[in-house]
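Source file: run19.tsv. Holds: TSV, C-alpha atoms.
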chain	number	residue	atom	x	y	z
A	247	GLN	CA	0.00	0.00	0.00
A	248	ASP	CA	1.50	3.33	-1.01
A	249	PRO	CA	1.82	5.90	1.71
A	250	GLY	CA	-0.22	8.97	1.32
A	251	PRO	CA	1.17	12.46	0.83
A	252	THR	CA	0.74	13.19	4.51
A	253	ALA	CA	2.96	10.27	5.56
A	254	VAL	CA	5.71	11.27	3.09
A	255	ILE	CA	5.74	14.84	4.37
A	256	ALA	CA	5.96	13.56	7.98
A	257	MET	CA	8.95	11.31	7.16
A	258	LEU	CA	10.79	14.14	5.37
A	259	SER	CA	10.19	16.43	8.34
A	260	LEU	CA	11.64	13.80	10.72
A	261	VAL	CA	14.76	13.32	8.59
A	262	SER	CA	15.37	17.07	8.27
A	263	ALA	CA	15.05	17.50	12.04
A	264	THR	CA	17.47	14.70	12.97
A	265	ALA	CA	20.10	15.25	10.26
A	266	PRO	CA	21.77	18.35	11.88
A	267	ALA	CA	22.02	16.53	15.18
A	268	LEU	CA	23.66	13.53	13.51
A	269	LEU	CA	26.13	15.77	11.68
A	270	GLN	CA	27.07	17.71	14.81
A	271	ALA	CA	27.53	14.65	17.05
A	272	PRO	CA	31.11	13.87	15.89
A	273	LEU	CA	32.10	17.50	16.55
A	274	ARG	CA	30.89	17.26	20.12
A	275	VAL	CA	32.91	14.05	20.59
A	276	GLN	CA	36.05	15.52	19.05
A	277	ALA	CA	36.05	18.64	21.22
A	278	PRO	CA	36.62	16.81	24.56
A	279	LEU	CA	39.27	14.61	22.94
A	280	ARG	CA	41.11	17.71	21.67
A	281	ALA	CA	40.94	19.26	25.17
A	282	VAL	CA	42.37	16.08	26.73
A	283	ARG	CA	45.26	16.09	24.26
A	284	MET	CA	46.01	19.75	25.08
A	285	GLN	CA	46.01	19.01	28.82
A	286	GLU	CA	48.37	16.08	28.30
A	287	ALA	CA	50.73	18.31	26.32
A	288	GLU	CA	50.66	20.96	29.05
A	289	THR	CA	51.52	18.47	31.83
A	290	ILE	CA	54.70	17.15	30.15
A	291	PRO	CA	57.53	18.29	32.51
A	292	GLU	CA	60.26	20.42	30.99
A	293	GLU	CA	63.85	19.26	31.28
A	294	PRO	CA	65.78	21.29	33.89
A	295	ALA	CA	68.43	23.62	32.54
A	296	PRO	CA	72.01	22.34	32.93
A	297	PHE	CA	73.87	23.56	36.02
A	298	ASN	CA	75.86	26.73	35.35
A	299	PRO	CA	78.73	26.88	37.87
A	300	VAL	CA	79.76	30.46	37.10
A	301	ALA	CA	76.20	31.77	37.41
A	302	PHE	CA	75.81	29.94	40.73
A	303	ALA	CA	79.11	31.34	42.05
A	304	LYS	CA	78.05	34.85	41.04
A	305	SER	CA	74.84	34.44	43.05
A	306	LEU	CA	76.77	33.91	46.30
A	307	PRO	CA	77.59	36.77	48.69
A	308	GLY	CA	80.97	38.41	48.29
A	309	VAL	CA	80.80	39.53	44.65
A	310	THR	CA	81.48	43.26	45.01
A	311	ALA	CA	82.94	46.14	43.03
A	312	PRO	CA	85.46	46.97	41.70
A	313	LEU	CA	86.57	43.38	40.97
A	314	GLY	CA	83.10	41.83	40.75
A	315	PHE	CA	83.32	38.09	40.16
A	316	PHE	CA	87.04	37.34	40.49
A	317	ASP	CA	88.17	33.86	39.45
A	318	PRO	CA	91.34	34.27	37.33
A	319	LEU	CA	92.34	30.61	37.72
A	320	ASP	CA	88.86	29.40	36.68
A	321	PHE	CA	88.23	27.23	39.74
A	322	CYS	CA	84.49	27.47	39.13
A	323	GLY	CA	84.56	26.89	35.38
A	324	GLU	CA	83.76	23.18	35.43
A	325	ALA	CA	82.98	22.72	39.14
A	326	SER	CA	79.85	21.10	40.53
A	327	GLU	CA	77.58	22.84	43.02
A	328	GLY	CA	79.00	20.77	45.87
A	329	LYS	CA	82.57	21.70	44.90
A	330	ILE	CA	81.74	25.42	44.75
A	331	ARG	CA	80.11	25.16	48.17
A	332	PHE	CA	83.30	23.49	49.41
A	333	TYR	CA	85.39	26.40	48.08
A	334	ARG	CA	83.09	28.85	49.86
A	335	GLU	CA	83.25	26.88	53.12
A	336	VAL	CA	87.06	26.83	52.96
A	337	GLU	CA	87.23	30.57	52.22
A	338	LEU	CA	84.92	31.41	55.11
A	339	LYS	CA	86.83	29.23	57.57
A	340	HIS	CA	90.24	30.62	56.59
A	341	GLY	CA	88.87	34.15	56.68
A	342	ARG	CA	87.52	33.72	60.21
A	343	VAL	CA	90.79	32.23	61.45
A	344	ALA	CA	92.72	35.07	59.79
A	345	MET	CA	90.51	37.70	61.46
A	346	LEU	CA	91.23	36.14	64.86
A	347	ALA	CA	94.94	35.93	64.02
A	348	SER	CA	95.10	39.58	62.95
A	349	LEU	CA	93.42	40.64	66.17
A	350	GLY	CA	95.78	38.35	68.11
A	351	PHE	CA	98.82	40.08	66.65
A	352	LEU	CA	97.56	43.48	67.71
A	353	VAL	CA	96.34	42.53	71.20
A	354	GLY	CA	98.81	39.77	72.09
A	355	GLU	CA	101.92	41.83	71.44
A	356	ASN	CA	100.67	44.67	73.63
A	357	PHE	CA	98.76	42.81	76.32
A	358	HIS	CA	100.02	39.36	77.39
A	359	PRO	CA	99.19	38.61	81.04
A	360	LEU	CA	99.15	34.81	80.64
A	361	TRP	CA	102.03	32.54	81.68
A	362	GLY	CA	103.26	35.10	84.18
A	363	GLY	CA	103.35	37.93	81.64
A	364	ASN	CA	106.94	37.09	80.71
A	365	ILE	CA	106.28	36.03	77.11
A	366	ASP	CA	107.11	39.20	75.20
A	367	VAL	CA	108.17	37.92	71.81
A	368	PRO	CA	106.95	38.27	68.21
A	369	SER	CA	103.62	36.60	67.67
A	370	TYR	CA	104.87	34.10	65.11
A	371	ILE	CA	106.97	32.36	67.80
A	372	ALA	CA	104.79	33.10	70.84
A	373	PHE	CA	103.30	29.59	70.86
A	374	GLN	CA	106.75	28.02	71.16
A	375	GLU	CA	107.44	30.10	74.27
A	376	THR	CA	104.41	28.78	76.18
A	377	PRO	CA	104.05	25.48	78.07
A	378	LEU	CA	101.64	24.41	75.32
A	379	GLN	CA	104.68	23.70	73.17
A	380	SER	CA	105.26	20.54	75.21
A	381	PHE	CA	101.62	19.45	74.81
A	382	TRP	CA	101.06	20.21	71.14
A	383	PRO	CA	99.45	16.80	70.46
A	384	ALA	CA	96.70	17.74	72.94
A	385	VAL	CA	96.22	21.06	71.16
A	386	VAL	CA	95.94	19.27	67.81
A	387	LEU	CA	93.38	16.87	69.34
A	388	VAL	CA	91.18	19.76	70.50
A	389	ILE	CA	91.31	21.32	67.04
A	390	ALA	CA	90.50	17.95	65.46
A	391	ILE	CA	87.41	17.55	67.65
A	392	LEU	CA	86.12	20.90	66.45
A	393	GLU	CA	86.84	19.95	62.84
A	394	ILE	CA	84.82	16.76	63.12
A	395	PHE	CA	81.61	18.81	63.09
A	396	SER	CA	82.47	20.23	59.67
A	397	VAL	CA	83.03	16.73	58.27
A	398	PHE	CA	79.29	16.02	58.52
A	399	THR	CA	78.60	18.79	56.00
A	400	PHE	CA	80.58	16.93	53.30
A	401	ASN	CA	79.20	14.56	50.70
A	402	SER	CA	80.21	10.97	51.29
A	403	PRO	CA	83.42	10.14	49.39
A	404	PHE	CA	82.10	6.61	48.87
A	405	GLY	CA	80.18	6.84	45.63
A	406	GLY	CA	79.97	10.64	45.80
A	407	GLU	CA	82.21	13.52	44.82
A	408	PRO	CA	85.15	13.92	47.22
A	409	TRP	CA	85.82	17.31	48.79
A	410	SER	CA	82.33	18.62	48.15
A	411	VAL	CA	79.70	19.99	50.51
A	412	ARG	CA	76.05	18.96	50.65
A	413	THR	CA	73.70	21.26	48.77
A	414	ASP	CA	71.39	21.57	51.79
A	415	HIS	CA	74.15	23.03	53.98
A	416	ALA	CA	74.22	26.80	54.54
A	417	SER	CA	77.81	27.93	54.03
A	418	GLY	CA	79.55	28.91	57.26
A	419	ASP	CA	76.52	28.13	59.43
A	420	LEU	CA	77.84	26.58	62.65
A	421	GLY	CA	74.69	27.27	64.62
A	422	PHE	CA	76.66	29.72	66.79
A	423	ASP	CA	75.04	33.12	67.25
A	424	PRO	CA	74.98	33.83	71.00
A	425	LEU	CA	74.33	37.57	70.54
A	426	GLY	CA	71.52	37.07	68.01
A	427	LEU	CA	73.23	39.20	65.37
A	428	LYS	CA	71.86	37.29	62.38
A	429	PRO	CA	69.33	39.50	60.54
A	430	THR	CA	65.90	38.10	59.81
A	431	ASN	CA	65.58	40.06	56.57
A	432	PRO	CA	67.18	38.12	53.65
A	433	ALA	CA	68.63	41.27	52.05
A	434	ASP	CA	70.23	42.40	55.32
A	435	PHE	CA	71.58	38.88	55.90
A	436	ALA	CA	73.16	38.78	52.42
A	437	GLU	CA	74.78	42.16	53.10
A	438	MET	CA	76.21	40.90	56.41
A	439	GLN	CA	77.55	37.77	54.68
A	440	THR	CA	79.30	39.95	52.08
A	441	LYS	CA	80.85	42.10	54.80
A	442	GLU	CA	82.09	39.03	56.67
A	443	ILE	CA	83.72	37.38	53.68
A	444	ASN	CA	85.31	40.62	52.48
A	445	ASN	CA	86.75	41.29	55.93
A	446	GLY	CA	87.99	37.70	56.01
A	447	ARG	CA	89.73	38.14	52.66
A	448	LEU	CA	91.41	41.32	53.89
A	449	ALA	CA	92.42	39.57	57.13
A	450	MET	CA	94.04	36.68	55.22
A	451	ILE	CA	96.18	39.16	53.29
A	452	GLY	CA	96.90	41.19	56.44
A	453	ALA	CA	97.85	38.18	58.59
A	454	ALA	CA	100.14	36.83	55.87
A	455	GLY	CA	101.81	40.24	55.63
A	456	MET	CA	102.33	40.51	59.39
A	457	ILE	CA	103.82	37.02	59.61
A	458	ALA	CA	106.12	37.74	56.67
A	459	GLN	CA	107.33	40.99	58.21
A	460	GLU	CA	108.07	39.43	61.58
A	461	LEU	CA	109.89	36.56	59.86
A	462	ALA	CA	111.97	39.08	57.92
A	463	THR	CA	112.76	41.41	60.82
A	464	GLY	CA	112.68	38.97	63.76
A	465	SER	CA	110.98	41.61	65.92
A	466	LYS	CA	107.45	42.49	67.03
A	467	LEU	CA	105.22	44.70	64.97
A	468	PHE	CA	103.41	46.34	67.87

Rewrite the structure from the file as structure tokens, please.
Amino acid sequence: QDPGPTAVIAMLSLVSATAPALLQAPLRVQAPLRAVRMQEAETIPEEPAPFNPVAFAKSLPGVTAPLGFFDPLDFCGEASEGKIRFYREVELKHGRVAMLASLGFLVGENFHPLWGGNIDVPSYIAFQETPLQSFWPAVVLVIAILEIFSVFTFNSPFGGEPWSVRTDHASGDLGFDPLGLKPTNPADFAEMQTKEINNGRLAMIGAAGMIAQELATGSKLF
């Protein structure tokens, strides 16, 4: 039985109404897939930039005018972060010892009440004139005990880089600040660190000069 005109018109109307929906369905499916792919691309981690030893060394306190970053022998050129931290730890320690030595020259040669006050000699031989000269192994033992604490800041030489300091160690931090002089502001703390290391550098040069002069003249400076 042939359908009447009314049935044909109804079927055509149904097809025309559903066709746009069928054509748009793939677009609606593709849109979420495209968004997922974009999210996956965004979450891919970027490779970290290679370590730049010179840039890291320049970021440490102590780089000041007029010399700026001064490394004529290129110690930092191919060094690792742990090695650069070791260099900084060594520089700080020698600078602190030199500051104490420079002060000891000035005070010790003018004011020396210990051991009866009779030791009035140039500072470079003052130790040999004290009773401690006979007990120098004990003196070395005391110094060694203090040095043990710094050993724990090193990377393990077994499987690690020898003579390098852990990256989580703050250079020169011995946990000793009885007067509470450490600033809480990071900028002020960096400025104090720069002052300390620059004074230590000057003291190393000054102490070496004083020792050399007393060795050359054989007499006290002060």

For stretch 307-314 of chain A, list every protein, DNA or RNA residue within 7 Å, evaluated using all atoms listed in the file, and leave out those in the same chain fewer than 5 positions away; present the list as a PDB file with C-alpha atoms, in the coordinates of the input.
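Written file, part_33.pdb:
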ATOM      1  CA  ALA A 436      73.160  38.780  52.420  1.00  0.00           C
ATOM      2  CA  GLN A 439      77.550  37.770  54.680  1.00  0.00           C
ATOM      3  CA  THR A 440      79.300  39.950  52.080  1.00  0.00           C
ATOM      4  CA  ILE A 443      83.720  37.380  53.680  1.00  0.00           C
ATOM      5  CA  ASN A 444      85.310  40.620  52.480  1.00  0.00           C
TER       6      ASN A 444
END

Go through A:Gly328, A:Leu338, A:Phe315, A:Asp423 one by one, measure the shortest atom-to-atom distance of each to A:Gly406 using only C-alpha atoms, and give the residue with the smallest value.
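For A:Gly406, the nearest of the candidates is A:Gly328.
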
Handout entry: Residue nearest A:His340 - candidates A:Val367, A:Met450, A:Leu461, A:Val397, atoms counted: all atoms listed in the file
Key =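 Result for the nearest residue to A:His340: A:Met450.
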
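Taking atom CA of A:Thr463 as the reference point, atom CA of A:Ala347 is found at 18.9 Å.
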
Using only C-alpha atoms and a cutoff of 12 Å, can you tell me which residues are near (78.1, 27.1, 51.9) in the file's coordinates, and write them out as a ChimeraX atom specification? /A:302-303,305-307,327-339,396,399-400,410-420,439,443

Query raised in the report: Between atom CA of A:Phe468 and atom CA of A:Asp366, what is the spacing in Å?
Result: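 Computing the Euclidean distance for atom CA of A:Asp366 and atom CA of A:Phe468 yields 10.9 Å.
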
**Message:** Please report the interatomic distance between atom CA of A:Phe351 and atom CA of A:Phe373 in Å with one decimal.
**Reply:**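 Rounded to one decimal, the two atoms are 12.2 Å apart.
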
The residue from A:Leu352, A:Ala344, A:Ala325, A:Leu319 with the smallest atom-to-atom distance to A:Leu448, counting all atoms listed in the file, is A:Ala344

Q: Determine, counting only C-alpha atoms, which protein, DNA and RNA residues have an atom within 12 Å of an atom of A:Gly362; residues of the same chain fewer than 6 positions away are not included. Present the result as a PyMOL selection string.
A: chain A and resi 375-377

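Residue nearest A:Lys466, chosen from A:Gly426, A:Pro368, A:Gly350, A:Pro318 and counting all atoms listed in the file: A:Pro368.
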
message: (73.5, 37.1, 56.1) in this file's frame - what residues fall within 10 Å of it? Use only C-alpha atoms and give the answer as a list in words.
response: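 Every polymer residue passing the test: Pro307, Leu427, Lys428, Pro429, Thr430, Asn431, Pro432, Ala433, Asp434, Phe435, Ala436, Glu437, Met438, Gln439, Thr440, Lys441 and Glu442 of chain A.
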
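The shortest atom-to-atom distance to A:Ile451, with only C-alpha atoms taken into account, belongs to A:Met345 out of A:Leu467, A:Leu378, A:Ile365, A:Met345.
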